Amino acid sequence: MKNLMKQSAVLLFAAGLLAGCATSKPAAAPAPAAPAAATTQAISDAQAVIASAQAPCNDTGNAADLLAQAQAAAKGGDDAKAQQLAAQAKQTATDAINACYCAKAKDLLAQVQGYTGLTADQQARLTQAQTDVTNNNCKAAYDSLSALVAELQAARMTYSVVKGDSLWRIAGKSDVYGNSYEWPLIYKANTDKIKHADLIFPKQDLTVNKNPAKADSDAAVEYAKHRGAWRHHRADKKDQKWASGG
């Protein structure tokens, strides 16, 4: 009887062990290995290029989507795919940013080429910018041309009238325009000081735009050549209409 009870206890114990084994949770899958150093670097490089985008050229195409795919591949342990996608993201962002700067640099080139009176230094900077655009170094060209345009737009000098001066004589001076027919530019810039274009006074300080746009210069010359008589302020109304853009 005792032997029978021992055998029953052994059987029950074994059955319990089997039941315990049957109900235990399956072992968790091993975590994927950490991304390779090359993968981490490729993703970092792509992130840097995307982050470098700034106005006016902050469009990076679909680089952000490609970067997200690269990060997902890296997390899943696929280093080769992650590196490939990260490289694509970096190149896409680089191309999109540069294309934007090329387009804007070309617009600025055309704008600068429309100005007159550039100094030797300004002309050299323009030439260098043209070379940069040709070599696809468009961000440098854009930065240089943006500064040059701002400089040309702001370039002014003050001319103090002396006895015997006229707008015709002032415009013809080599340190002003070197072309007397451009006198209407001076008149237009000083309508608040000049009532009659043929009547200015010593010690008047006149503002002179040093780098007028070629189109404005041409328009001034054309007007001056067909203005008519200077005597007795006969052309005052014509002058005022021209200066106001009429």
# chains A, B, ... in the order shown; residues from 1 in each chain; ligands from 1
>>> residues_around(residues="Asn190 in chain A", least_positions_apart="3", cutoff="9 Å", atoms="only C-alpha atoms", output="list in words")
Leu185, Ile186, Tyr187, Lys193, Ile194, Leu206, Thr207 and Val208 of chain A
>>> write_last_selection(atoms="C-alpha atoms", output="PDB file, in the first residue's frame")
ATOM      1  CA  LEU A 185      18.463 111.231 -62.506  1.00  0.00           C
ATOM      2  CA  ILE A 186      19.743 113.925 -60.160  1.00  0.00           C
ATOM      3  CA  TYR A 187      16.568 115.931 -60.548  1.00  0.00           C
ATOM      4  CA  LYS A 193      14.892 120.267 -52.981  1.00  0.00           C
ATOM      5  CA  ILE A 194      14.688 121.356 -56.613  1.00  0.00           C
ATOM      6  CA  LEU A 206      22.027 117.040 -53.665  1.00  0.00           C
ATOM      7  CA  THR A 207      21.704 113.264 -53.401  1.00  0.00           C
ATOM      8  CA  VAL A 208      23.225 111.320 -56.279  1.00  0.00           C
TER       9      VAL A 208
END
>>> residues_around(residues="Pro184 in chain A", least_positions_apart="2", cutoff="10 Å", atoms="only C-alpha atoms", output="NGL selection string")
:A and (167-168 or 171 or 180-182 or 186-190 or 197 or 216-217 or 219-224 or 239 or 242-243)
>>> write_last_selection(atoms="N, CA, C and O atoms", output="short mmCIF file (atom, residue, chain, number, x, y, z; two decimals), in the first residue's frame")
data_model
loop_
_atom_site.label_atom_id
_atom_site.label_comp_id
_atom_site.auth_asym_id
_atom_site.auth_seq_id
_atom_site.Cartn_x
_atom_site.Cartn_y
_atom_site.Cartn_z
N LEU A 167 22.50 121.16 -63.26
CA LEU A 167 22.33 119.71 -63.25
C LEU A 167 23.08 119.08 -64.42
O LEU A 167 23.67 118.00 -64.30
N TRP A 168 23.05 119.77 -65.55
CA TRP A 168 23.77 119.30 -66.74
C TRP A 168 25.26 119.19 -66.46
O TRP A 168 25.89 118.16 -66.76
N ALA A 171 26.04 116.35 -63.71
CA ALA A 171 25.92 114.99 -64.24
C ALA A 171 27.11 114.63 -65.13
O ALA A 171 27.51 113.46 -65.22
N SER A 180 26.43 114.19 -69.21
CA SER A 180 25.53 115.28 -68.86
C SER A 180 24.06 114.95 -69.11
O SER A 180 23.17 115.49 -68.43
N TYR A 181 23.79 114.08 -70.08
CA TYR A 181 22.40 113.73 -70.40
C TYR A 181 21.71 112.95 -69.28
O TYR A 181 20.50 112.75 -69.33
N GLU A 182 22.47 112.55 -68.29
CA GLU A 182 21.85 111.83 -67.17
C GLU A 182 21.40 112.76 -66.04
O GLU A 182 21.01 112.31 -64.97
N ILE A 186 19.49 113.09 -61.33
CA ILE A 186 19.74 113.92 -60.16
C ILE A 186 18.48 114.70 -59.79
O ILE A 186 18.11 114.81 -58.61
N TYR A 187 17.81 115.20 -60.80
CA TYR A 187 16.57 115.93 -60.55
C TYR A 187 15.54 115.01 -59.86
O TYR A 187 14.92 115.40 -58.86
N LYS A 188 15.40 113.82 -60.37
CA LYS A 188 14.41 112.89 -59.82
C LYS A 188 14.70 112.53 -58.37
O LYS A 188 13.78 112.36 -57.57
N ALA A 189 15.99 112.43 -58.03
CA ALA A 189 16.37 112.06 -56.66
C ALA A 189 16.26 113.23 -55.69
O ALA A 189 16.39 113.04 -54.48
N ASN A 190 16.00 114.44 -56.24
CA ASN A 190 15.99 115.63 -55.37
C ASN A 190 14.80 116.53 -55.63
O ASN A 190 14.89 117.76 -55.46
N ALA A 197 14.25 122.53 -62.54
CA ALA A 197 15.46 121.77 -62.92
C ALA A 197 16.58 122.67 -63.40
O ALA A 197 17.75 122.31 -63.33
N ASP A 216 16.98 102.86 -66.02
CA ASP A 216 16.71 104.22 -65.54
C ASP A 216 17.63 105.23 -66.21
O ASP A 216 17.21 106.34 -66.56
N SER A 217 18.88 104.84 -66.37
CA SER A 217 19.84 105.72 -67.04
C SER A 217 19.43 105.98 -68.48
O SER A 217 19.46 107.13 -68.95
N ALA A 219 16.46 105.80 -69.73
CA ALA A 219 15.24 106.61 -69.75
C ALA A 219 15.57 108.08 -69.50
O ALA A 219 14.98 108.99 -70.13
N ALA A 220 16.52 108.34 -68.59
CA ALA A 220 16.92 109.71 -68.30
C ALA A 220 17.55 110.37 -69.52
O ALA A 220 17.25 111.53 -69.85
N VAL A 221 18.44 109.66 -70.18
CA VAL A 221 19.10 110.20 -71.37
C VAL A 221 18.09 110.48 -72.47
O VAL A 221 18.13 111.54 -73.13
N GLU A 222 17.17 109.56 -72.66
CA GLU A 222 16.14 109.75 -73.69
C GLU A 222 15.30 110.98 -73.39
O GLU A 222 14.99 111.77 -74.29
N TYR A 223 14.93 111.15 -72.12
CA TYR A 223 14.12 112.32 -71.75
C TYR A 223 14.91 113.61 -71.95
O TYR A 223 14.40 114.59 -72.50
N ALA A 224 16.17 113.60 -71.51
CA ALA A 224 17.00 114.81 -71.61
C ALA A 224 17.17 115.25 -73.06
O ALA A 224 17.18 116.45 -73.36
N ASP A 239 9.05 118.02 -66.54
CA ASP A 239 10.04 117.45 -65.61
C ASP A 239 9.37 116.74 -64.44
O ASP A 239 9.73 115.63 -64.06
N TRP A 242 7.74 113.51 -65.55
CA TRP A 242 8.73 112.45 -65.78
C TRP A 242 9.25 111.90 -64.45
O TRP A 242 9.36 110.70 -64.27
N ALA A 243 9.57 112.78 -63.52
CA ALA A 243 10.13 112.36 -62.24
C ALA A 243 9.15 111.51 -61.44
O ALA A 243 9.56 110.61 -60.68
#
>>> residues_around(residues="range 73-86 of chain A", least_positions_apart="5", cutoff="10 Å", atoms="only C-alpha atoms", output="list in words")
Ala31, Pro32, Ala33, Ala34, Pro35, Ala36, Ala37, Ala38, Thr39, Thr40, Gln41, Ala42, Ile43, Ser44, Asp45, Ala46, Gln47, Ala63, Ala64, Asp65, Leu66, Leu67, Ala68, Gln91 and Thr92 of chain A
>>> closest_residue(among="A:Asn135, A:Thr158, A:Gln123, A:Ser244", to="Lys203 in chain A", atoms="only C-alpha atoms")
A:Thr158
>>> select_by_dssp(residues="range 69-174 of chain A", states="strand (DSSP E)", output="ChimeraX atom specification")
/A:156-160
>>> atom_distance(atom1="CA of Arg156 in chain A", atom2="CA of Pro212 in chain A")
9.9 Å
>>> select_by_dssp(residues="range 127-199 of chain A", states="alpha helix (DSSP H)", output="ChimeraX atom specification")
/A:127-134,138-154,167-172,183-189
>>> atom_distance(atom1="CA of Thr134 in chain A", atom2="CA of Leu152 in chain A")
23.0 Å
>>> atom_distance(atom1="CA of Tyr142 in chain A", atom2="CA of Thr94 in chain A")
15.5 Å
>>> closest_atom_pairs(of="range 126-244 of chain A", to="range 116-121 of chain A", cutoff="6 Å", atoms="only C-alpha atoms", output="CSV")
residue,atom,partner,partner_atom,distance
A:Asn211,CA,A:Gly117,CA,5.2
A:Pro212,CA,A:Thr116,CA,5.8
A:Ala213,CA,A:Thr116,CA,5.9
A:Lys214,CA,A:Thr116,CA,5.7
>>> write_last_selection(atoms="all heavy atoms", output="mmCIF file, in the first residue's frame")
data_model
loop_
_atom_site.group_PDB
_atom_site.id
_atom_site.type_symbol
_atom_site.label_atom_id
_atom_site.label_comp_id
_atom_site.auth_asym_id
_atom_site.auth_seq_id
_atom_site.Cartn_x
_atom_site.Cartn_y
_atom_site.Cartn_z
ATOM 1 N N ASN A 211 24.802 104.270 -58.576
ATOM 2 C CA ASN A 211 24.673 103.102 -59.462
ATOM 3 C C ASN A 211 23.245 102.959 -59.967
ATOM 4 O O ASN A 211 22.531 102.018 -59.614
ATOM 5 C CB ASN A 211 25.085 101.825 -58.728
ATOM 6 C CG ASN A 211 26.512 101.873 -58.217
ATOM 7 O OD1 ASN A 211 26.761 102.039 -57.035
ATOM 8 N ND2 ASN A 211 27.461 101.735 -59.122
ATOM 9 N N PRO A 212 22.811 103.883 -60.810
ATOM 10 C CA PRO A 212 21.452 103.755 -61.332
ATOM 11 C C PRO A 212 21.321 102.526 -62.222
ATOM 12 O O PRO A 212 22.296 102.101 -62.856
ATOM 13 C CB PRO A 212 21.265 105.041 -62.141
ATOM 14 C CG PRO A 212 22.658 105.418 -62.552
ATOM 15 C CD PRO A 212 23.527 105.024 -61.393
ATOM 16 N N ALA A 213 20.127 101.973 -62.248
ATOM 17 C CA ALA A 213 19.890 100.851 -63.153
ATOM 18 C C ALA A 213 20.030 101.337 -64.592
ATOM 19 O O ALA A 213 19.714 102.492 -64.905
ATOM 20 C CB ALA A 213 18.499 100.282 -62.917
ATOM 21 N N LYS A 214 20.510 100.460 -65.452
ATOM 22 C CA LYS A 214 20.731 100.859 -66.844
ATOM 23 C C LYS A 214 19.433 101.348 -67.483
ATOM 24 O O LYS A 214 19.438 102.308 -68.257
ATOM 25 C CB LYS A 214 21.299 99.686 -67.639
ATOM 26 C CG LYS A 214 21.750 100.077 -69.056
ATOM 27 C CD LYS A 214 22.410 98.903 -69.750
ATOM 28 C CE LYS A 214 22.989 99.341 -71.099
ATOM 29 N NZ LYS A 214 21.972 99.932 -71.996
#
